[in-house]
>>> print(open('coords_2.cif').read())   # mmCIF, C-alpha atoms and all ligand atoms
data_final
#
loop_
_atom_site.label_atom_id
_atom_site.label_comp_id
_atom_site.auth_asym_id
_atom_site.auth_seq_id
_atom_site.Cartn_x
_atom_site.Cartn_y
_atom_site.Cartn_z
CA MET E 237 -49.29 -68.55 30.15
CA SER E 238 -52.11 -66.26 29.04
CA ALA E 239 -52.17 -62.79 30.61
CA LYS E 240 -54.68 -62.36 33.45
CA ILE E 241 -57.01 -59.40 32.94
CA LEU E 242 -59.30 -57.60 35.34
CA VAL E 243 -62.30 -55.89 33.72
CA VAL E 244 -63.74 -52.89 35.58
CA GLU E 245 -67.07 -52.09 33.93
CA ASP E 246 -70.47 -51.45 35.50
CA GLU E 247 -72.60 -52.30 32.46
CA PRO E 248 -73.11 -56.09 32.74
CA ILE E 249 -73.82 -56.62 29.04
CA ILE E 250 -70.75 -54.68 27.92
CA ALA E 251 -68.64 -56.47 30.55
CA LEU E 252 -69.77 -59.92 29.37
CA ASP E 253 -69.21 -59.02 25.73
CA LEU E 254 -65.72 -57.78 26.61
CA GLN E 255 -65.00 -60.98 28.51
CA GLN E 256 -65.95 -63.09 25.48
CA GLN E 257 -63.82 -61.02 23.14
CA LEU E 258 -60.81 -61.15 25.49
CA THR E 259 -61.17 -64.91 25.90
CA LYS E 260 -61.26 -65.28 22.12
CA LEU E 261 -58.02 -63.28 21.98
CA GLY E 262 -56.43 -65.79 24.37
CA TYR E 263 -56.53 -63.78 27.60
CA THR E 264 -57.93 -64.94 30.93
CA VAL E 265 -60.49 -62.61 32.51
CA VAL E 266 -59.91 -63.21 36.21
CA ALA E 267 -62.79 -61.01 37.41
CA ILE E 268 -65.36 -58.43 36.40
CA ALA E 269 -65.72 -55.58 38.90
CA ASP E 270 -68.29 -52.79 38.77
CA CYS E 271 -66.90 -50.48 41.47
CA ALA E 272 -63.62 -49.47 43.10
CA GLU E 273 -64.00 -51.79 46.13
CA GLN E 274 -64.61 -54.84 43.93
CA ALA E 275 -61.73 -53.90 41.64
CA LEU E 276 -59.29 -53.54 44.54
CA ALA E 277 -60.45 -56.80 46.14
CA ALA E 278 -60.11 -58.67 42.82
CA ALA E 279 -56.64 -57.18 42.23
CA ALA E 280 -55.49 -58.34 45.67
CA ARG E 281 -56.95 -61.80 45.13
CA TYR E 282 -55.99 -62.56 41.51
CA GLN E 283 -52.90 -60.40 40.94
CA PRO E 284 -53.93 -59.58 37.33
CA HIS E 285 -51.31 -58.54 34.77
CA LEU E 286 -53.51 -55.68 33.51
CA ALA E 287 -56.80 -53.89 34.20
CA LEU E 288 -59.22 -52.65 31.55
CA MET E 289 -60.98 -49.72 33.16
CA ASP E 290 -64.19 -47.87 32.39
CA ILE E 291 -64.25 -44.28 33.66
CA ARG E 292 -67.85 -44.02 34.87
CA ILE E 293 -68.37 -46.89 37.27
CA ARG E 294 -70.69 -47.60 40.19
CA GLY E 295 -69.92 -46.12 43.60
CA ASP E 296 -68.30 -42.96 44.92
CA LYS E 297 -64.94 -43.48 43.18
CA ASP E 298 -64.71 -43.22 39.40
CA GLY E 299 -62.39 -45.25 37.15
CA ILE E 300 -59.62 -42.64 37.32
CA GLU E 301 -59.51 -42.71 41.13
CA THR E 302 -59.71 -46.51 41.08
CA ALA E 303 -56.80 -46.64 38.62
CA ALA E 304 -54.71 -44.47 40.94
CA LEU E 305 -55.42 -46.84 43.85
CA LEU E 306 -54.66 -49.95 41.75
CA ASN E 307 -51.37 -48.40 40.68
CA GLU E 308 -50.40 -47.44 44.16
CA ARG E 309 -51.31 -50.71 45.89
CA HIS E 310 -50.66 -53.32 43.22
CA SER E 311 -48.64 -51.67 40.45
CA ILE E 312 -51.05 -52.95 37.79
CA PRO E 313 -50.92 -51.33 34.34
CA ILE E 314 -54.23 -49.75 33.35
CA VAL E 315 -55.81 -49.39 29.92
CA PHE E 316 -58.86 -47.12 29.93
CA LEU E 317 -61.79 -48.22 27.85
CA THR E 318 -64.31 -45.41 27.74
CA ALA E 319 -66.92 -43.47 25.84
CA HIS E 320 -65.48 -40.21 27.18
CA ALA E 321 -62.89 -38.41 25.13
CA ASP E 322 -63.41 -34.80 26.22
CA ALA E 323 -60.40 -32.66 27.06
CA ALA E 324 -61.18 -32.44 30.80
CA THR E 325 -61.43 -36.22 31.20
CA ILE E 326 -58.24 -36.81 29.23
CA GLN E 327 -56.45 -34.29 31.41
CA GLN E 328 -57.52 -36.17 34.54
CA VAL E 329 -56.62 -39.52 33.01
CA LYS E 330 -53.10 -38.31 32.18
CA ALA E 331 -52.43 -37.74 35.87
CA VAL E 332 -52.65 -41.48 36.62
CA GLN E 333 -50.25 -42.34 33.76
CA PRO E 334 -52.29 -45.01 31.99
CA TYR E 335 -50.71 -47.52 29.63
CA GLY E 336 -53.47 -47.05 27.04
CA TYR E 337 -56.69 -45.21 26.28
CA ILE E 338 -59.31 -46.66 23.95
CA VAL E 339 -62.47 -44.85 22.99
CA LYS E 340 -65.66 -46.92 22.62
CA PRO E 341 -66.79 -48.24 20.22
CA PHE E 342 -63.52 -49.91 19.33
CA GLU E 343 -62.18 -52.50 16.92
CA ILE E 344 -61.13 -55.74 18.55
CA HIS E 345 -57.64 -55.66 16.99
CA ASN E 346 -57.10 -52.17 18.49
CA LEU E 347 -57.92 -53.58 21.91
CA SER E 348 -55.50 -56.49 21.54
CA THR E 349 -52.74 -54.16 20.27
CA ALA E 350 -53.28 -51.81 23.23
CA ILE E 351 -53.15 -54.71 25.70
CA GLU E 352 -49.97 -56.16 24.18
CA ILE E 353 -48.21 -52.77 24.17
CA ALA E 354 -49.27 -52.13 27.77
CA LEU E 355 -48.04 -55.55 28.93
CA THR E 356 -44.68 -55.19 27.15
CA LYS E 357 -44.20 -51.65 28.42
CA HIS E 358 -45.01 -52.69 31.96
CA GLU E 359 -42.52 -55.59 31.83
CA ALA E 360 -39.80 -53.25 30.53
CA GLU E 361 -40.57 -50.78 33.31
CA LYS E 362 -40.32 -53.53 35.90
CA VAL E 363 -36.83 -54.40 34.62
CA THR E 364 -35.77 -50.74 34.76
CA GLN E 365 -37.26 -50.40 38.24
CA ALA E 366 -35.35 -53.48 39.45
CA ALA E 367 -32.10 -52.07 38.03
CA LEU E 368 -32.80 -48.76 39.77
CA GLU E 369 -33.46 -50.51 43.08
CA LYS E 370 -30.20 -52.44 42.72
CA GLU E 371 -28.34 -49.23 41.99
CA LYS E 372 -29.90 -47.60 45.05
CA GLU E 373 -28.95 -50.58 47.21
CA LEU E 374 -25.37 -50.42 45.92
CA ASN E 375 -25.20 -46.71 46.66
CA ARG E 376 -26.52 -47.34 50.14
CA LEU E 377 -23.89 -50.04 50.64
CA LYS E 378 -21.15 -47.74 49.37
CA SER E 379 -22.11 -44.97 51.79
CA ASN E 380 -22.24 -47.54 54.58
CA PHE E 381 -18.79 -48.76 53.59
CA ILE E 382 -17.31 -45.30 53.69
CA GLU E 383 -18.93 -44.53 57.02
CA VAL E 384 -17.99 -47.79 58.77
CA VAL E 385 -14.53 -48.12 57.30
CA SER E 386 -13.46 -44.54 57.95
CA HIS E 387 -14.69 -44.91 61.51
CA GLU E 388 -12.76 -48.15 61.95
CA PHE E 389 -9.59 -46.61 60.47
CA ARG E 390 -9.52 -43.78 62.97
CA ASN E 391 -8.64 -45.88 66.03
CA PRO E 392 -5.63 -47.76 64.63
CA LEU E 393 -4.34 -44.57 63.00
CA SER E 394 -4.52 -42.73 66.33
CA ALA E 395 -2.74 -45.65 68.02
CA ILE E 396 0.08 -45.47 65.46
CA LEU E 397 0.35 -41.69 65.78
CA LEU E 398 0.47 -41.91 69.55
CA ALA E 399 3.15 -44.61 69.51
CA LEU E 400 5.29 -42.61 67.06
CA ASP E 401 4.82 -39.47 69.08
CA LEU E 402 5.90 -41.14 72.34
CA LEU E 403 8.91 -42.76 70.70
CA GLU E 404 10.00 -39.46 69.20
CA ARG E 405 9.48 -37.25 72.24
CA HIS E 406 10.75 -39.59 74.95
CA ASP E 407 13.41 -41.44 73.02
CA ARG E 408 16.07 -41.03 75.71
CA GLN E 409 13.91 -41.74 78.77
CA LEU E 410 12.21 -44.85 77.43
CA THR E 411 13.53 -48.31 78.30
CA ILE E 412 14.01 -50.81 75.49
CA GLU E 413 11.05 -52.81 76.85
CA LYS E 414 8.78 -49.77 76.79
CA LYS E 415 9.86 -48.96 73.23
CA GLN E 416 9.02 -52.53 72.25
CA VAL E 417 5.53 -52.11 73.74
CA TYR E 418 4.86 -48.98 71.67
CA LEU E 419 6.24 -50.55 68.53
CA GLN E 420 4.06 -53.60 69.12
CA ARG E 421 0.98 -51.40 69.52
CA ALA E 422 1.74 -49.74 66.20
CA ARG E 423 2.25 -53.15 64.58
CA VAL E 424 -1.13 -54.42 65.86
CA ALA E 425 -2.79 -51.25 64.55
CA VAL E 426 -1.18 -51.70 61.13
CA SER E 427 -2.29 -55.31 60.90
CA ARG E 428 -5.84 -54.31 61.87
CA MET E 429 -5.83 -51.76 59.04
CA MET E 430 -4.48 -54.31 56.60
CA GLN E 431 -7.22 -56.78 57.59
CA LEU E 432 -9.81 -54.06 57.11
CA LEU E 433 -8.49 -53.17 53.69
CA GLU E 434 -8.52 -56.85 52.72
CA GLU E 435 -12.17 -57.19 53.81
CA VAL E 436 -13.23 -54.08 51.89
CA LEU E 437 -11.40 -55.33 48.83
CA VAL E 438 -12.95 -58.80 48.98
CA SER E 439 -16.44 -57.35 49.53
CA SER E 440 -16.11 -55.05 46.55
CA GLN E 441 -14.74 -57.92 44.44
CA ILE E 442 -17.82 -59.95 45.39
CA ASP E 443 -20.11 -57.05 44.41
CA ALA E 444 -18.35 -56.60 41.10
CA GLY E 445 -18.55 -60.36 40.40
CA LYS E 446 -14.74 -60.49 40.27
CA LEU E 447 -14.23 -63.05 43.00
CA THR E 448 -15.07 -66.33 41.35
CA TYR E 449 -15.26 -69.92 42.51
CA ASN E 450 -12.37 -71.99 41.13
CA PRO E 451 -12.13 -75.35 42.86
CA GLU E 452 -8.92 -77.33 42.57
CA PRO E 453 -7.60 -80.41 44.37
CA LEU E 454 -6.44 -79.30 47.81
CA LEU E 455 -4.61 -81.16 50.57
CA VAL E 456 -7.12 -79.94 53.07
CA GLU E 457 -5.50 -81.24 56.27
CA ALA E 458 -2.12 -79.68 55.42
CA PHE E 459 -3.88 -76.45 54.47
CA CYS E 460 -5.65 -76.27 57.86
CA ARG E 461 -2.50 -77.15 59.82
CA GLN E 462 -0.54 -74.41 58.03
CA LEU E 463 -3.28 -71.88 58.71
CA VAL E 464 -3.32 -72.78 62.41
CA ALA E 465 0.50 -72.54 62.55
CA ASP E 466 0.38 -69.06 60.94
CA PHE E 467 -2.27 -67.90 63.41
CA GLN E 468 -0.40 -69.35 66.38
CA LEU E 469 2.79 -67.60 65.28
CA ALA E 470 1.00 -64.26 65.08
CA ILE E 471 -0.57 -64.87 68.51
CA ASP E 472 2.79 -65.81 70.07
CA THR E 473 4.42 -62.57 68.94
CA LYS E 474 1.65 -60.57 70.64
CA ALA E 475 1.50 -59.49 74.25
CA ALA E 476 -1.21 -61.02 76.53
CA PRO E 477 -4.01 -62.14 76.35
CA LYS E 478 -2.75 -65.50 75.11
CA HIS E 479 -4.74 -67.86 72.98
CA THR E 480 -4.00 -71.43 71.95
CA ILE E 481 -5.44 -72.99 68.85
CA THR E 482 -5.72 -76.78 68.85
CA PHE E 483 -6.28 -78.58 65.58
CA THR E 484 -7.82 -82.06 65.46
CA GLN E 485 -8.95 -84.23 62.62
CA ILE E 486 -11.80 -86.72 62.86
CA SER E 487 -12.93 -89.20 60.27
CA ASN E 488 -16.47 -90.51 60.19
CA ALA E 489 -15.97 -91.86 56.69
CA VAL E 490 -14.67 -95.36 55.97
CA ASP E 491 -11.99 -94.10 53.66
CA HIS E 492 -11.77 -90.38 53.27
CA PRO E 493 -9.76 -88.69 50.50
CA THR E 494 -6.74 -86.49 51.21
CA LEU E 495 -7.41 -84.25 48.22
CA TYR E 496 -10.64 -82.29 48.11
CA ASN E 497 -11.83 -80.15 45.27
CA LEU E 498 -12.14 -76.78 47.01
CA ASP E 499 -11.40 -73.18 46.21
CA GLU E 500 -8.32 -72.48 48.33
CA LYS E 501 -8.72 -68.70 48.26
CA LEU E 502 -12.36 -68.81 49.34
CA LEU E 503 -11.65 -71.46 52.00
CA HIS E 504 -8.90 -69.18 53.29
CA HIS E 505 -11.41 -66.31 53.62
CA ILE E 506 -13.86 -68.56 55.46
CA LEU E 507 -11.40 -70.01 57.95
CA THR E 508 -9.36 -66.86 58.65
CA ASN E 509 -12.55 -64.94 59.43
CA LEU E 510 -13.79 -67.65 61.80
CA LEU E 511 -10.42 -68.07 63.52
CA SER E 512 -9.81 -64.35 63.89
CA ASN E 513 -13.32 -63.92 65.34
CA ALA E 514 -12.73 -66.80 67.80
CA ILE E 515 -9.61 -64.99 69.04
CA LYS E 516 -10.99 -61.47 68.92
CA TYR E 517 -14.18 -62.33 70.83
CA SER E 518 -12.22 -64.16 73.56
CA PRO E 519 -10.73 -60.97 75.03
CA HIS E 520 -9.24 -62.76 78.05
CA GLY E 521 -7.42 -65.34 75.97
CA GLY E 522 -8.17 -69.06 76.15
CA SER E 523 -8.33 -72.07 73.95
CA VAL E 524 -9.77 -72.25 70.47
CA THR E 525 -10.39 -75.65 68.94
CA PHE E 526 -10.44 -76.27 65.24
CA LYS E 527 -11.88 -79.62 64.12
CA LEU E 528 -11.74 -81.00 60.62
CA ILE E 529 -14.37 -83.71 60.28
CA HIS E 530 -14.47 -86.03 57.27
CA GLU E 531 -17.91 -87.42 56.52
CA ALA E 532 -18.88 -89.76 53.71
CA GLU E 533 -20.58 -87.01 51.72
CA SER E 534 -19.19 -83.81 53.17
CA ILE E 535 -16.32 -82.15 54.93
CA THR E 536 -16.89 -80.09 58.05
CA PHE E 537 -14.79 -77.35 59.63
CA GLN E 538 -15.72 -76.56 63.21
CA ILE E 539 -14.22 -73.65 65.16
CA ARG E 540 -15.05 -73.36 68.86
CA ASP E 541 -14.05 -70.70 71.35
CA CYS E 542 -14.69 -69.97 75.02
CA GLY E 543 -15.31 -66.28 74.48
CA ILE E 544 -18.06 -63.73 75.10
CA GLY E 545 -20.74 -65.62 73.16
CA ILE E 546 -23.52 -64.14 71.01
CA PRO E 547 -26.97 -63.09 72.26
CA LYS E 548 -29.75 -65.34 70.88
CA GLY E 549 -31.55 -62.49 69.15
CA ASP E 550 -28.45 -61.57 67.11
CA CYS E 551 -27.61 -65.01 65.72
CA ASP E 552 -29.97 -64.82 62.69
CA GLN E 553 -28.46 -61.63 61.37
CA LEU E 554 -24.73 -62.20 61.90
CA PHE E 555 -24.15 -63.03 58.24
CA ASN E 556 -25.62 -59.73 57.04
CA ARG E 557 -23.12 -57.07 56.04
CA PHE E 558 -22.15 -54.64 58.80
CA TYR E 559 -24.20 -56.50 61.40
CA ARG E 560 -22.56 -56.63 64.82
CA ALA E 561 -24.00 -58.28 67.92
CA SER E 562 -25.11 -56.05 70.78
CA ASN E 563 -22.39 -57.36 73.16
CA ALA E 564 -19.53 -56.69 70.70
CA LYS E 565 -19.66 -52.92 70.49
CA THR E 566 -16.56 -52.36 72.63
CA ILE E 567 -14.46 -54.69 70.45
CA PRO E 568 -13.39 -53.15 67.12
CA GLY E 569 -14.94 -54.57 63.96
CA THR E 570 -16.90 -53.68 60.84
CA GLY E 571 -19.28 -56.63 60.56
CA LEU E 572 -17.91 -57.63 57.16
CA GLY E 573 -16.03 -60.86 57.99
CA LEU E 574 -18.96 -63.24 58.38
CA SER E 575 -20.80 -61.88 55.34
CA ILE E 576 -17.71 -62.67 53.25
CA ALA E 577 -17.40 -66.11 54.86
CA LYS E 578 -21.07 -66.86 54.13
CA GLN E 579 -20.78 -65.93 50.45
CA CYS E 580 -17.67 -68.12 50.11
CA VAL E 581 -19.55 -71.02 51.77
CA ASP E 582 -22.55 -70.49 49.45
CA ALA E 583 -20.28 -70.68 46.41
CA HIS E 584 -19.31 -74.21 47.56
CA TYR E 585 -23.02 -75.15 47.99
CA GLY E 586 -22.16 -75.33 51.66
CA ASN E 587 -23.78 -74.45 54.90
CA ILE E 588 -22.62 -72.33 57.84
CA THR E 589 -24.24 -72.41 61.28
CA VAL E 590 -23.57 -70.94 64.69
CA GLN E 591 -24.23 -72.17 68.21
CA SER E 592 -23.48 -69.90 71.08
CA ALA E 593 -24.07 -69.23 74.76
CA ILE E 594 -23.30 -65.89 76.42
CA GLY E 595 -20.17 -66.06 78.58
CA ILE E 596 -19.56 -69.70 77.62
CA GLY E 597 -18.50 -69.59 74.02
CA THR E 598 -19.33 -69.95 70.34
CA THR E 599 -19.05 -72.68 67.73
CA PHE E 600 -19.18 -71.99 64.01
CA THR E 601 -19.68 -75.04 61.78
CA VAL E 602 -19.08 -75.00 58.04
CA THR E 603 -20.11 -78.04 56.02
CA LEU E 604 -19.13 -78.34 52.38
CA PRO E 605 -20.73 -81.16 50.39
CA LEU E 606 -18.86 -83.67 48.21
CA SER E 607 -20.17 -85.87 45.47
CA VAL E 608 -21.14 -89.42 46.44
CA ASP E 609 -17.80 -91.00 45.50
CA GLY E 610 -15.80 -88.56 47.58
CA THR E 611 -14.51 -86.65 44.56
CA PRO E 612 -15.43 -83.04 43.83
CA HIS E 613 -19.00 -81.82 43.99
CA PRO E 614 -20.49 -82.70 40.58
CA GLU E 615 -21.91 -79.29 39.78
CA GLY E 616 -18.92 -77.56 41.28
CA GLY E 617 -20.69 -75.15 43.63
CA ASN E 618 -23.01 -72.36 42.58
CA GLY E 619 -20.03 -70.82 40.84
CA CYS E 620 -20.85 -67.31 41.80
CA LEU E 621 -20.51 -64.98 44.70
CA GLY E 622 -22.72 -62.11 45.62
P1 LIG O 1 -14.74 -57.67 60.90
O1 LIG O 1 -15.36 -57.16 59.64
O2 LIG O 1 -13.51 -56.98 61.26
O3 LIG O 1 -14.62 -59.18 60.89
P2 LIG O 1 -16.65 -58.16 62.95
O4 LIG O 1 -15.82 -59.21 63.59
O5 LIG O 1 -17.46 -57.29 63.82
O6 LIG O 1 -15.78 -57.24 62.03
P3 LIG O 1 -18.01 -60.33 61.60
O7 LIG O 1 -16.80 -61.17 61.57
O8 LIG O 1 -18.88 -60.29 60.38
O9 LIG O 1 -17.67 -58.82 61.93
O10 LIG O 1 -18.92 -60.79 62.81
C1 LIG O 1 -20.18 -60.19 62.99
C2 LIG O 1 -20.52 -60.15 64.47
O11 LIG O 1 -20.72 -61.48 64.95
C3 LIG O 1 -19.43 -59.59 65.34
O12 LIG O 1 -19.48 -58.19 65.39
C4 LIG O 1 -19.76 -60.23 66.69
O13 LIG O 1 -20.79 -59.51 67.31
C5 LIG O 1 -20.33 -61.58 66.30
N1 LIG O 1 -19.33 -62.67 66.37
C6 LIG O 1 -18.73 -63.28 65.34
N2 LIG O 1 -17.94 -64.28 65.76
C7 LIG O 1 -18.05 -64.31 67.10
C8 LIG O 1 -17.49 -65.14 68.11
N3 LIG O 1 -16.65 -66.13 67.83
N4 LIG O 1 -17.84 -64.89 69.40
C9 LIG O 1 -18.71 -63.88 69.71
N5 LIG O 1 -19.28 -63.07 68.79
C10 LIG O 1 -18.95 -63.29 67.49
MG MG O 2 -14.83 -60.64 62.22
#
>>> encode(input="coords_2.cif", output="structure tokens")
Amino acid sequence: MSAKILVVEDEPIIALDLQQQLTKLGYTVVAIADCAEQALAAAARYQPHLALMDIRIRGDKDGIETAALLNERHSIPIVFLTAHADAATIQQVKAVQPYGYIVKPFEIHNLSTAIEIALTKHEAEKVTQAALEKEKELNRLKSNFIEVVSHEFRNPLSAILLALDLLERHDRQLTIEKKQVYLQRARVAVSRMMQLLEEVLVSSQIDAGKLTYNPEPLLVEAFCRQLVADFQLAIDTKAAPKHTITFTQISNAVDHPTLYNLDEKLLHHILTNLLSNAIKYSPHGGSVTFKLIHEAESITFQIRDCGIGIPKGDCDQLFNRFYRASNAKTIPGTGLGLSIAKQCVDAHYGNITVQSAIGIGTTFTVTLPLSVDGTPHPEGGNGCLG
């Protein structure tokens, strides 16, 4: 594709001559402007790759001021093309950091060299700028991590300290049942901290590109049943509120496979996050249903609870890191779980959706596609996380 050039020149004959020469060199002149307003309008409309700018132009803004505005609003590299080479003008020009400065009259090959250097330099700067932005975003995420995680660590640590303190100071007065209660509180706090650490670790592995998608044949029904059994066991050892998880399997396919090519580790992240949310956001206990649905071209995991629900306005942002719904602030959490689940679903070329009603409950549905013959997805997911 030939580079699009905006010519800012108020002498019509010079402008036309320049247009012909640029066309001969293989560039596309998208517009000729003779004042700042025209130049800015043309830049907005045609998004040129570069502007060739005269210094004395029509109107109350000269070429230097126009260049500053083009830079600011559209980040277009500027090459000045001017008859003025006095020290004062050059000093002013330097302030807008042009990509080139050609004094008229000029040789055509000098013009094309200046344009090519300016375009290459601008591309390189864009790459550097993008890397800088990414670095900034990572730094912002890191500070967020430290802030959220240290805040979330404080509560379980205080609970452990308190339990230890009570056990130590009132050892003789406490009944065995009371001691069990304090020990249980400490245990819950430790498991919350372990879950937090796991989430931070997985998130940083995703950022570092270290968590990869490795699908292998998996007995998916057995995997889900085991997961439910593990969750139920953990629930049963806890004090009230009680939850029950019911697993059901439905087949909408004529003959569905038992082995599915899935990444077990990533599927584990997806389902444990959804199940633990279903339990956590049902603070009065209740039933959680987990459906495995076999379709001809996909497999669906559906987790439904009868918990607090999610306000409509929050649903779109739940999968963003650290995002927590407005009705969840009194329940501990960092807002990392669903962002991890979403990235693991994306790696499988899958889809995750949520349906919810306040005070009635929430359903998360994850659909992972299969290839047409029921064997693994042909491309094997997007193969990357993050
Ligand atoms: P953690 O990182 O410990 O999982 P979290 O549970 O707050 O913290 P996510 O799992 O990412 O973070 O969930 C994001 C938000 O979505 C939650 O804070 C909560 O507001 C809302 N949410 C998720 N699942 C449910 C659910 N089943 N019922 C109600 N709200 C939910
Ligand atoms: Mg969660």
>>> residues_near_ligand(input="coords_2.cif", ligand="ligand MG 2 (chain O)", cutoff="8 Å", atoms="only C-alpha atoms and all ligand atoms", output="list in words")
Asn509, Leu510, Ser512, Asn513, Lys516, Gly569, Thr570, Gly571, Leu572, Gly573 and Leu574 of chain E
>>> residues_near_ligand(input="coords_2.cif", ligand="ligand LIG 1 (chain O)", cutoff="8 Å", atoms="only C-alpha atoms and all ligand atoms", output="MDAnalysis selection string")
chainID E and resid 431:432 435 509:518 540:541 543:546 550:551 554:565 567:576 592 597:600
>>> write_last_selection(input="coords_2.cif", atoms="C-alpha atoms", output="PDB file, in the coordinates of the input")
ATOM      1  CA  GLN E 431      -7.220 -56.780  57.590  1.00  0.00           C
ATOM      2  CA  LEU E 432      -9.810 -54.060  57.110  1.00  0.00           C
ATOM      3  CA  GLU E 435     -12.170 -57.190  53.810  1.00  0.00           C
ATOM      4  CA  ASN E 509     -12.550 -64.940  59.430  1.00  0.00           C
ATOM      5  CA  LEU E 510     -13.790 -67.650  61.800  1.00  0.00           C
ATOM      6  CA  LEU E 511     -10.420 -68.070  63.520  1.00  0.00           C
ATOM      7  CA  SER E 512      -9.810 -64.350  63.890  1.00  0.00           C
ATOM      8  CA  ASN E 513     -13.320 -63.920  65.340  1.00  0.00           C
ATOM      9  CA  ALA E 514     -12.730 -66.800  67.800  1.00  0.00           C
ATOM     10  CA  ILE E 515      -9.610 -64.990  69.040  1.00  0.00           C
ATOM     11  CA  LYS E 516     -10.990 -61.470  68.920  1.00  0.00           C
ATOM     12  CA  TYR E 517     -14.180 -62.330  70.830  1.00  0.00           C
ATOM     13  CA  SER E 518     -12.220 -64.160  73.560  1.00  0.00           C
ATOM     14  CA  ARG E 540     -15.050 -73.360  68.860  1.00  0.00           C
ATOM     15  CA  ASP E 541     -14.050 -70.700  71.350  1.00  0.00           C
ATOM     16  CA  GLY E 543     -15.310 -66.280  74.480  1.00  0.00           C
ATOM     17  CA  ILE E 544     -18.060 -63.730  75.100  1.00  0.00           C
ATOM     18  CA  GLY E 545     -20.740 -65.620  73.160  1.00  0.00           C
ATOM     19  CA  ILE E 546     -23.520 -64.140  71.010  1.00  0.00           C
ATOM     20  CA  ASP E 550     -28.450 -61.570  67.110  1.00  0.00           C
ATOM     21  CA  CYS E 551     -27.610 -65.010  65.720  1.00  0.00           C
ATOM     22  CA  LEU E 554     -24.730 -62.200  61.900  1.00  0.00           C
ATOM     23  CA  PHE E 555     -24.150 -63.030  58.240  1.00  0.00           C
ATOM     24  CA  ASN E 556     -25.620 -59.730  57.040  1.00  0.00           C
ATOM     25  CA  ARG E 557     -23.120 -57.070  56.040  1.00  0.00           C
ATOM     26  CA  PHE E 558     -22.150 -54.640  58.800  1.00  0.00           C
ATOM     27  CA  TYR E 559     -24.200 -56.500  61.400  1.00  0.00           C
ATOM     28  CA  ARG E 560     -22.560 -56.630  64.820  1.00  0.00           C
ATOM     29  CA  ALA E 561     -24.000 -58.280  67.920  1.00  0.00           C
ATOM     30  CA  SER E 562     -25.110 -56.050  70.780  1.00  0.00           C
ATOM     31  CA  ASN E 563     -22.390 -57.360  73.160  1.00  0.00           C
ATOM     32  CA  ALA E 564     -19.530 -56.690  70.700  1.00  0.00           C
ATOM     33  CA  LYS E 565     -19.660 -52.920  70.490  1.00  0.00           C
ATOM     34  CA  ILE E 567     -14.460 -54.690  70.450  1.00  0.00           C
ATOM     35  CA  PRO E 568     -13.390 -53.150  67.120  1.00  0.00           C
ATOM     36  CA  GLY E 569     -14.940 -54.570  63.960  1.00  0.00           C
ATOM     37  CA  THR E 570     -16.900 -53.680  60.840  1.00  0.00           C
ATOM     38  CA  GLY E 571     -19.280 -56.630  60.560  1.00  0.00           C
ATOM     39  CA  LEU E 572     -17.910 -57.630  57.160  1.00  0.00           C
ATOM     40  CA  GLY E 573     -16.030 -60.860  57.990  1.00  0.00           C
ATOM     41  CA  LEU E 574     -18.960 -63.240  58.380  1.00  0.00           C
ATOM     42  CA  SER E 575     -20.800 -61.880  55.340  1.00  0.00           C
ATOM     43  CA  ILE E 576     -17.710 -62.670  53.250  1.00  0.00           C
ATOM     44  CA  SER E 592     -23.480 -69.900  71.080  1.00  0.00           C
ATOM     45  CA  GLY E 597     -18.500 -69.590  74.020  1.00  0.00           C
ATOM     46  CA  THR E 598     -19.330 -69.950  70.340  1.00  0.00           C
ATOM     47  CA  THR E 599     -19.050 -72.680  67.730  1.00  0.00           C
ATOM     48  CA  PHE E 600     -19.180 -71.990  64.010  1.00  0.00           C
TER      49      PHE E 600
END
>>> closest_residue(input="coords_2.cif", among="E:Glu343, E:Asp246, E:Asp322, E:Glu308", to="Ile293 in chain E", atoms="all atoms listed in the file")
E:Asp246
>>> atom_distance(input="coords_2.cif", atom1="CA of Val590 in chain E", atom2="CA of Leu503 in chain E")
17.4 Å
>>> atom_distance(input="coords_2.cif", atom1="CA of Glu457 in chain E", atom2="CA of Thr480 in chain E")
18.6 Å
>>> residues_around(input="coords_2.cif", residues="range 586-588 of chain E", least_positions_apart="3", cutoff="9 Å", atoms="all atoms listed in the file", output="PyMOL selection string")
chain E and resi 577-578+580-583+600-605+617
>>> residues_around(input="coords_2.cif", residues="Glu359 in chain E", least_positions_apart="6", cutoff="10 Å", atoms="all atoms listed in the file", output="list in words")
His285, Pro313, Ile353 and Gln365 of chain E
>>> residues_near_point(input="coords_2.cif", point="(-2.4, -62.5, 75.7)", cutoff="12 Å", atoms="only C-alpha atoms", output="number ranges by chain")
E: 468, 470-480, 515-516, 518-523
>>> closest_residue(input="coords_2.cif", among="E:Ala593, E:Val329, E:Leu495, E:Ile268", to="Pro451 in chain E", atoms="only C-alpha atoms")
E:Leu495
>>> residues_around(input="coords_2.cif", residues="Lys378 in chain E", least_positions_apart="4", cutoff="12 Å", atoms="all atoms listed in the file", output="list in words")
Glu371, Lys372, Glu373, Leu374, Ile382, Glu383, Val384, Val385, Ser386, Val436, Ser439, Ser440, Asp443, Arg557 and Phe558 of chain E
>>> atom_distance(input="coords_2.cif", atom1="CA of Leu463 in chain E", atom2="CA of Ser487 in chain E")
19.9 Å
>>> decode(input="coords_2.cif", residues="range 503-510 of chain E", atoms="C-alpha atoms", output="mmCIF file, in the first residue's frame")
data_model
loop_
_atom_site.group_PDB
_atom_site.id
_atom_site.type_symbol
_atom_site.label_atom_id
_atom_site.label_comp_id
_atom_site.auth_asym_id
_atom_site.auth_seq_id
_atom_site.Cartn_x
_atom_site.Cartn_y
_atom_site.Cartn_z
ATOM 1 C CA LEU E 503 -10.534 -26.713 32.837
ATOM 2 C CA HIS E 504 -9.796 -27.150 36.536
ATOM 3 C CA HIS E 505 -9.208 -23.377 36.876
ATOM 4 C CA ILE E 506 -12.471 -22.634 35.050
ATOM 5 C CA LEU E 507 -14.676 -24.997 37.026
ATOM 6 C CA THR E 508 -13.167 -24.439 40.489
ATOM 7 C CA ASN E 509 -13.604 -20.680 40.094
ATOM 8 C CA LEU E 510 -17.232 -21.057 39.021
#
